[in-house]
file run.txt (compact mmCIF, C-alpha atoms)
# COMPACT_ATOMS: atom_id res chain seq x y z
CA MET A 53 0.00 0.00 0.00
CA THR A 54 1.35 3.43 -0.85
CA ILE A 55 1.64 6.14 1.79
CA ALA A 56 -0.96 8.17 -0.14
CA ALA A 57 -3.45 5.26 -0.02
CA ALA A 58 -2.83 4.71 3.70
CA GLY A 59 -3.34 8.44 4.26
CA LEU A 60 -6.66 8.33 2.40
CA ILE A 61 -7.85 5.34 4.45
CA LEU A 62 -6.83 7.08 7.71
CA LYS A 63 -8.64 10.25 6.61
CA TYR A 64 -11.78 8.19 5.81
CA MET A 65 -11.67 6.50 9.24
CA LEU A 66 -11.25 9.84 11.02
CA ASN A 67 -14.17 11.29 9.04
CA GLN A 68 -16.33 8.29 9.99
CA ALA A 69 -15.44 8.87 13.68
CA GLU A 70 -16.29 12.58 13.41
CA ASP A 71 -19.62 11.72 11.77
CA LEU A 72 -20.52 9.38 14.65
CA ASP A 73 -19.47 12.07 17.16
CA ARG A 74 -21.95 14.46 15.55
CA VAL A 75 -24.78 11.91 15.23
CA PHE A 76 -24.58 10.78 18.87
CA GLN A 77 -24.17 14.40 20.00
CA ALA A 78 -27.30 15.35 18.04
CA LEU A 79 -29.26 12.48 19.61
CA ALA A 80 -28.17 13.46 23.15
CA ASP A 81 -30.90 16.12 23.42
CA PRO A 82 -34.55 15.22 24.17
CA GLY A 83 -35.91 18.05 21.97
CA ARG A 84 -33.84 16.92 18.98
CA ARG A 85 -34.90 13.31 19.57
CA LEU A 86 -38.55 14.47 19.49
CA MET A 87 -37.84 16.17 16.14
CA VAL A 88 -36.27 12.97 14.72
CA GLU A 89 -39.29 11.05 16.04
CA ARG A 90 -41.68 13.47 14.30
CA LEU A 91 -39.70 13.32 11.03
CA SER A 92 -39.66 9.52 11.03
CA ARG A 93 -43.44 9.84 10.43
CA GLY A 94 -42.94 12.15 7.42
CA PRO A 95 -41.49 15.52 6.36
CA ALA A 96 -42.36 18.64 8.39
CA SER A 97 -41.67 22.36 8.31
CA VAL A 98 -39.42 23.94 10.95
CA SER A 99 -42.40 25.56 12.67
CA GLU A 100 -44.31 22.23 12.75
CA LEU A 101 -41.24 20.64 14.38
CA GLY A 102 -41.19 23.32 17.06
CA ARG A 103 -44.92 23.17 17.85
CA PRO A 104 -44.81 20.48 20.61
CA LEU A 105 -41.67 22.01 22.17
CA ALA A 106 -41.77 24.88 24.64
CA MET A 107 -39.03 26.92 22.98
CA SER A 108 -38.54 29.96 20.74
CA LEU A 109 -38.41 29.59 16.96
CA ALA A 110 -34.73 30.67 17.12
CA ALA A 111 -33.98 27.74 19.45
CA VAL A 112 -35.87 25.34 17.15
CA VAL A 113 -33.84 26.59 14.15
CA GLN A 114 -30.62 26.02 16.11
CA HIS A 115 -31.62 22.42 16.91
CA VAL A 116 -32.53 21.81 13.25
CA GLN A 117 -29.07 23.13 12.28
CA VAL A 118 -27.40 20.65 14.68
CA LEU A 119 -29.49 17.82 13.19
CA GLU A 120 -28.59 18.93 9.66
CA ALA A 121 -24.83 19.18 10.46
CA SER A 122 -24.97 15.64 11.89
CA GLY A 123 -26.45 14.32 8.65
CA LEU A 124 -29.59 13.04 10.43
CA VAL A 125 -31.83 15.57 8.71
CA ARG A 126 -31.89 17.25 5.30
CA THR A 127 -33.73 20.54 4.75
CA GLN A 128 -34.99 22.31 1.65
CA LYS A 129 -36.36 25.83 1.43
CA VAL A 130 -39.26 26.44 -0.96
CA GLY A 131 -40.61 29.98 -0.83
CA ARG A 132 -40.73 30.96 2.85
CA THR A 133 -41.05 27.39 4.18
CA ARG A 134 -38.09 25.20 5.10
CA THR A 135 -39.11 21.53 4.92
CA CYS A 136 -37.15 18.95 6.95
CA ARG A 137 -36.77 15.27 6.09
CA ILE A 138 -35.04 12.39 7.83
CA GLU A 139 -31.80 11.12 6.26
CA PRO A 140 -31.71 7.42 7.16
CA ALA A 141 -28.00 6.72 6.46
CA ALA A 142 -26.83 8.56 9.61
CA LEU A 143 -29.40 6.74 11.81
CA ARG A 144 -28.27 3.45 10.29
CA SER A 145 -24.56 4.08 10.92
CA ALA A 146 -25.20 4.89 14.59
CA GLU A 147 -27.44 1.83 14.97
CA ALA A 148 -24.80 -0.38 13.27
CA TRP A 149 -22.03 0.88 15.54
CA ILE A 150 -24.03 0.00 18.68
CA ALA A 151 -25.25 -3.34 17.28
CA GLU A 152 -21.68 -4.46 16.45
CA ARG A 153 -20.47 -3.78 20.02
CA ARG A 154 -23.51 -5.47 21.55
CA THR A 155 -23.06 -8.52 19.30
CA LEU A 156 -19.36 -8.81 20.22
CA TRP A 157 -20.26 -8.68 23.89
CA GLU A 158 -23.08 -11.24 23.58
CA ARG A 159 -20.89 -13.63 21.56
CA ARG A 160 -18.25 -13.40 24.30
CA LEU A 161 -20.89 -14.23 26.92
CA ASP A 162 -22.05 -17.23 24.85
CA ARG A 163 -18.49 -18.59 24.74
CA LEU A 164 -18.18 -18.05 28.48
CA GLY A 165 -21.42 -20.02 28.96
CA ASP A 166 -20.06 -22.84 26.76
CA TYR A 167 -16.90 -22.97 28.86
CA LEU A 168 -18.76 -23.07 32.17
CA ALA A 169 -21.02 -25.84 30.81
CA SER A 170 -18.16 -28.02 29.50
CA PRO A 171 -16.95 -30.75 31.95
CA GLU A 172 -13.36 -30.54 30.67
CA GLY A 173 -13.14 -26.81 31.32
CA ALA A 174 -11.03 -26.26 28.19
CA TRP A 175 -10.56 -22.57 27.37
CA PRO A 176 -12.73 -21.63 24.40
CA SER A 177 -10.72 -19.89 21.68
CA GLY A 178 -10.52 -16.11 21.98
CA LEU A 179 -11.32 -15.94 25.68
CA ASP A 180 -8.59 -14.43 27.83
CA PRO A 181 -8.04 -16.53 30.99
CA ASP A 182 -7.47 -13.31 33.00
CA ASP A 183 -10.82 -11.91 31.95
CA GLN A 184 -12.37 -15.25 32.78
CA GLN A 185 -11.04 -15.19 36.34
CA GLN A 186 -12.38 -11.68 36.82
CA GLU A 187 -15.76 -12.81 35.48
CA GLN A 188 -15.95 -15.60 38.05
CA GLN A 189 -15.22 -13.40 41.07
CA MET B 89 -55.90 7.30 36.53
CA THR B 90 -55.05 9.18 39.72
CA ILE B 91 -52.86 12.30 39.60
CA ALA B 92 -50.24 10.42 41.65
CA ALA B 93 -50.12 7.59 39.08
CA ALA B 94 -49.89 10.05 36.19
CA GLY B 95 -47.09 11.81 38.06
CA LEU B 96 -45.18 8.54 38.49
CA ILE B 97 -45.55 7.69 34.80
CA LEU B 98 -44.37 11.17 33.79
CA LYS B 99 -41.38 10.87 36.16
CA TYR B 100 -40.52 7.46 34.64
CA MET B 101 -40.69 8.88 31.11
CA LEU B 102 -38.49 11.85 32.05
CA ASN B 103 -35.95 9.48 33.66
CA GLN B 104 -35.90 7.37 30.49
CA ALA B 105 -35.23 10.51 28.43
CA GLU B 106 -32.43 11.60 30.78
CA ASP B 107 -30.87 8.13 30.54
CA LEU B 108 -30.85 8.32 26.73
CA ASP B 109 -29.36 11.84 26.92
CA ARG B 110 -26.48 10.47 28.97
CA VAL B 111 -25.95 7.35 26.83
CA PHE B 112 -25.84 9.27 23.53
CA GLN B 113 -23.66 11.96 25.15
CA ALA B 114 -21.24 9.28 26.37
CA LEU B 115 -21.07 7.74 22.86
CA ALA B 116 -20.39 11.14 21.23
CA ASP B 117 -16.66 10.95 22.05
CA PRO B 118 -14.23 8.81 19.98
CA GLY B 119 -12.08 7.95 23.03
CA ARG B 120 -15.11 6.73 24.99
CA ARG B 121 -16.32 4.74 21.96
CA LEU B 122 -12.86 3.05 21.83
CA MET B 123 -13.28 2.15 25.52
CA VAL B 124 -16.75 0.64 24.90
CA GLU B 125 -15.28 -1.24 21.92
CA ARG B 126 -12.46 -2.63 24.12
CA LEU B 127 -14.91 -3.60 26.89
CA SER B 128 -17.22 -5.41 24.46
CA ARG B 129 -14.31 -7.91 24.12
CA GLY B 130 -14.10 -8.43 27.89
CA PRO B 131 -13.46 -6.64 31.22
CA ALA B 132 -10.42 -4.36 31.54
CA SER B 133 -8.72 -2.22 34.16
CA VAL B 134 -8.79 1.58 33.86
CA SER B 135 -5.10 1.67 32.89
CA GLU B 136 -5.64 -1.01 30.20
CA LEU B 137 -8.48 1.10 28.80
CA GLY B 138 -6.21 4.13 28.62
CA ARG B 139 -3.26 2.35 26.97
CA PRO B 140 -4.25 2.90 23.28
CA LEU B 141 -5.30 6.51 23.97
CA ALA B 142 -2.85 9.41 24.00
CA MET B 143 -4.15 10.97 27.24
CA SER B 144 -3.30 11.26 30.93
CA LEU B 145 -4.61 8.73 33.43
CA ALA B 146 -6.70 11.56 34.97
CA ALA B 147 -8.41 12.11 31.60
CA VAL B 148 -9.02 8.35 31.22
CA VAL B 149 -10.59 8.25 34.71
CA GLN B 150 -12.86 11.15 33.76
CA HIS B 151 -14.04 9.35 30.61
CA VAL B 152 -14.69 6.18 32.62
CA GLN B 153 -16.78 8.24 35.05
CA VAL B 154 -18.88 9.60 32.16
CA LEU B 155 -19.39 6.03 30.88
CA GLU B 156 -20.33 4.85 34.37
CA ALA B 157 -22.81 7.73 34.91
CA SER B 158 -24.45 6.88 31.57
CA GLY B 159 -24.97 3.27 32.67
CA LEU B 160 -22.90 1.92 29.75
CA VAL B 161 -20.13 0.69 32.06
CA ARG B 162 -19.98 -0.75 35.58
CA THR B 163 -16.77 -0.63 37.61
CA GLN B 164 -15.56 -2.53 40.66
CA LYS B 165 -12.47 -1.82 42.74
CA VAL B 166 -10.55 -4.81 44.10
CA GLY B 167 -7.37 -3.84 45.93
CA ARG B 168 -5.74 -1.09 43.89
CA THR B 169 -7.28 -2.12 40.55
CA ARG B 170 -10.59 -0.80 39.22
CA THR B 171 -12.06 -3.27 36.72
CA CYS B 172 -14.56 -2.03 34.11
CA ARG B 173 -17.27 -4.10 32.46
CA ILE B 174 -19.84 -3.33 29.80
CA GLU B 175 -23.47 -3.00 30.96
CA PRO B 176 -25.52 -4.14 27.95
CA ALA B 177 -28.92 -2.70 28.97
CA ALA B 178 -27.87 0.90 28.18
CA LEU B 179 -26.45 -0.10 24.77
CA ARG B 180 -29.68 -1.97 24.03
CA SER B 181 -31.93 0.96 24.95
CA ALA B 182 -30.01 3.34 22.66
CA GLU B 183 -30.05 0.77 19.83
CA ALA B 184 -33.80 0.19 20.32
CA TRP B 185 -34.56 3.92 20.22
CA ILE B 186 -32.75 4.32 16.88
CA ALA B 187 -34.19 1.09 15.42
CA GLU B 188 -37.78 2.16 16.22
CA ARG B 189 -37.37 5.49 14.42
CA ARG B 190 -35.67 3.87 11.43
CA THR B 191 -38.42 1.22 11.21
CA LEU B 192 -41.17 3.88 11.33
CA TRP B 193 -39.47 5.77 8.54
CA GLU B 194 -38.96 2.68 6.37
CA ARG B 195 -42.57 1.55 6.88
CA ARG B 196 -43.72 4.98 5.75
CA LEU B 197 -41.55 4.72 2.62
CA ASP B 198 -43.01 1.26 1.88
CA ARG B 199 -46.55 2.67 2.06
CA LEU B 200 -45.51 5.53 -0.19
CA GLY B 201 -44.14 2.97 -2.68
CA ASP B 202 -47.43 1.02 -2.54
CA TYR B 203 -49.37 4.19 -3.26
CA LEU B 204 -47.20 5.20 -6.20
CA ALA B 205 -47.50 1.67 -7.63
CA SER B 206 -51.31 1.49 -7.30
CA PRO B 207 -53.27 2.48 -10.47
CA GLU B 208 -56.18 3.85 -8.43
CA GLY B 209 -53.96 6.18 -6.43
CA ALA B 210 -56.01 5.65 -3.26
CA TRP B 211 -54.36 7.14 -0.17
CA PRO B 212 -52.88 4.37 1.96
CA SER B 213 -54.00 4.64 5.59
CA GLY B 214 -51.81 6.77 7.82
CA LEU B 215 -50.21 8.81 5.04
CA ASP B 216 -50.85 12.50 5.21
CA PRO B 217 -51.77 13.89 1.76
CA ASP B 218 -49.79 17.06 2.56
CA ASP B 219 -46.63 15.09 3.26
CA GLN B 220 -47.28 13.14 0.06
CA GLN B 221 -47.39 16.28 -2.05
CA GLN B 222 -44.11 17.47 -0.50
CA GLU B 223 -42.57 14.07 -1.24
CA GLN B 224 -43.49 14.27 -4.92
CA GLN B 225 -41.96 17.71 -5.48
call {"tool": "encode", "arguments": {"input": "run.txt", "output": "structure tokens"}}
result
Amino acid sequence: MTIAAAGLILKYMLNQAEDLDRVFQALADPGRRLMVERLSRGPASVSELGRPLAMSLAAVVQHVQVLEASGLVRTQKVGRTRTCRIEPAALRSAEAWIAERRTLWERRLDRLGDYLASPEGAWPSGLDPDDQQQEQQ
Amino acid sequence: MTIAAAGLILKYMLNQAEDLDRVFQALADPGRRLMVERLSRGPASVSELGRPLAMSLAAVVQHVQVLEASGLVRTQKVGRTRTCRIEPAALRSAEAWIAERRTLWERRLDRLGDYLASPEGAWPSGLDPDDQQQEQQ
């Protein structure tokens, strides 16, 4: 692999990490989660999004901007109305990141269960004996 | 329903929202995501968690505290070593929140597809004609 190719791959990985930072950051606010919830039922204008929230229109616009910067939401202005839509790719990447970690953890627990159930007590492959001892404390 | 019962339900819902705030906030940092990734492979001490990260032990401890407050990680001190473990319930609740929104959105798109494919053009139930017009722009 050339240094240029390695640099491109590193840049891609760092971008992916920054994207996840922004998606999780955007989802860390209950008002913005309500907006995502509303948009998962269909497009809405900025003022429709703000209606159930006790906040100024300026605050709603700011939240929409955070959602847009995270890639969770796309907006389009037609005349005087800005319409917001959900952008599913960002939701999917956050979901996939969590699911991969959860799966790893559950697979590890399954192997631990296999080990505890086996009469020989042979170490299953990939399980660190030190971790195992901690688990049994 | 009594006012007391309604109050309890509201308190429970607000707690759930606060929990999700903290979980998504905890996941919005690349260093903390690396820690969750490491822990999904098995328990680790605080210093082990910090090893791949270019930061002081004090900074690592602070990140572990954020993870612990979010419910993503549980720690236990034995002697001078604090061992960290993943706590899967918090990961699952964040994953479920995202999956529900994504599913809603995809189901809506399916209904939209059914409508566009039908020769009669009858509105499928649950689709707002206003949203539909925006979608076709």
call {"tool": "closest_residue", "arguments": {"input": "run.txt", "among": "A:Val75, A:Leu60, A:Ala106, A:Val112", "to": "chain B", "atoms": "all atoms listed in the file"}}
result
A:Val75
call {"tool": "interface_residues", "arguments": {"input": "run.txt", "of": "chain B", "to": "chain A", "cutoff": "10 Å", "atoms": "all atoms listed in the file", "output": "PyMOL selection string"}}
result
chain B and resi 102+105-119+121+124-132+171+173-177+179-180+182-197+214-216+218-220+222-223
call {"tool": "atom_distance", "arguments": {"input": "run.txt", "atom1": "CA of Gln150 in chain B", "atom2": "CA of Glu136 in chain B"}}
result
14.6 Å
call {"tool": "closest_residue", "arguments": {"input": "run.txt", "among": "A:Lys129, A:Arg134, A:Lys63, A:Arg163", "to": "Leu101 in chain A", "atoms": "all atoms listed in the file"}}
result
A:Arg134
call {"tool": "atom_distance", "arguments": {"input": "run.txt", "atom1": "CA of Val113 in chain A", "atom2": "CA of Leu86 in chain A"}}
result
14.1 Å
call {"tool": "residues_around", "arguments": {"input": "run.txt", "residues": "Gln117 in chain A", "least_positions_apart": "2", "cutoff": "12 Å", "atoms": "all atoms listed in the file", "output": "ChimeraX atom specification"}}
result
/A:74,78,84,87,98,110-115,119-127,134,136
call {"tool": "atom_distance", "arguments": {"input": "run.txt", "atom1": "CA of Ser99 in chain A", "atom2": "CA of Val130 in chain A"}}
result
14.0 Å
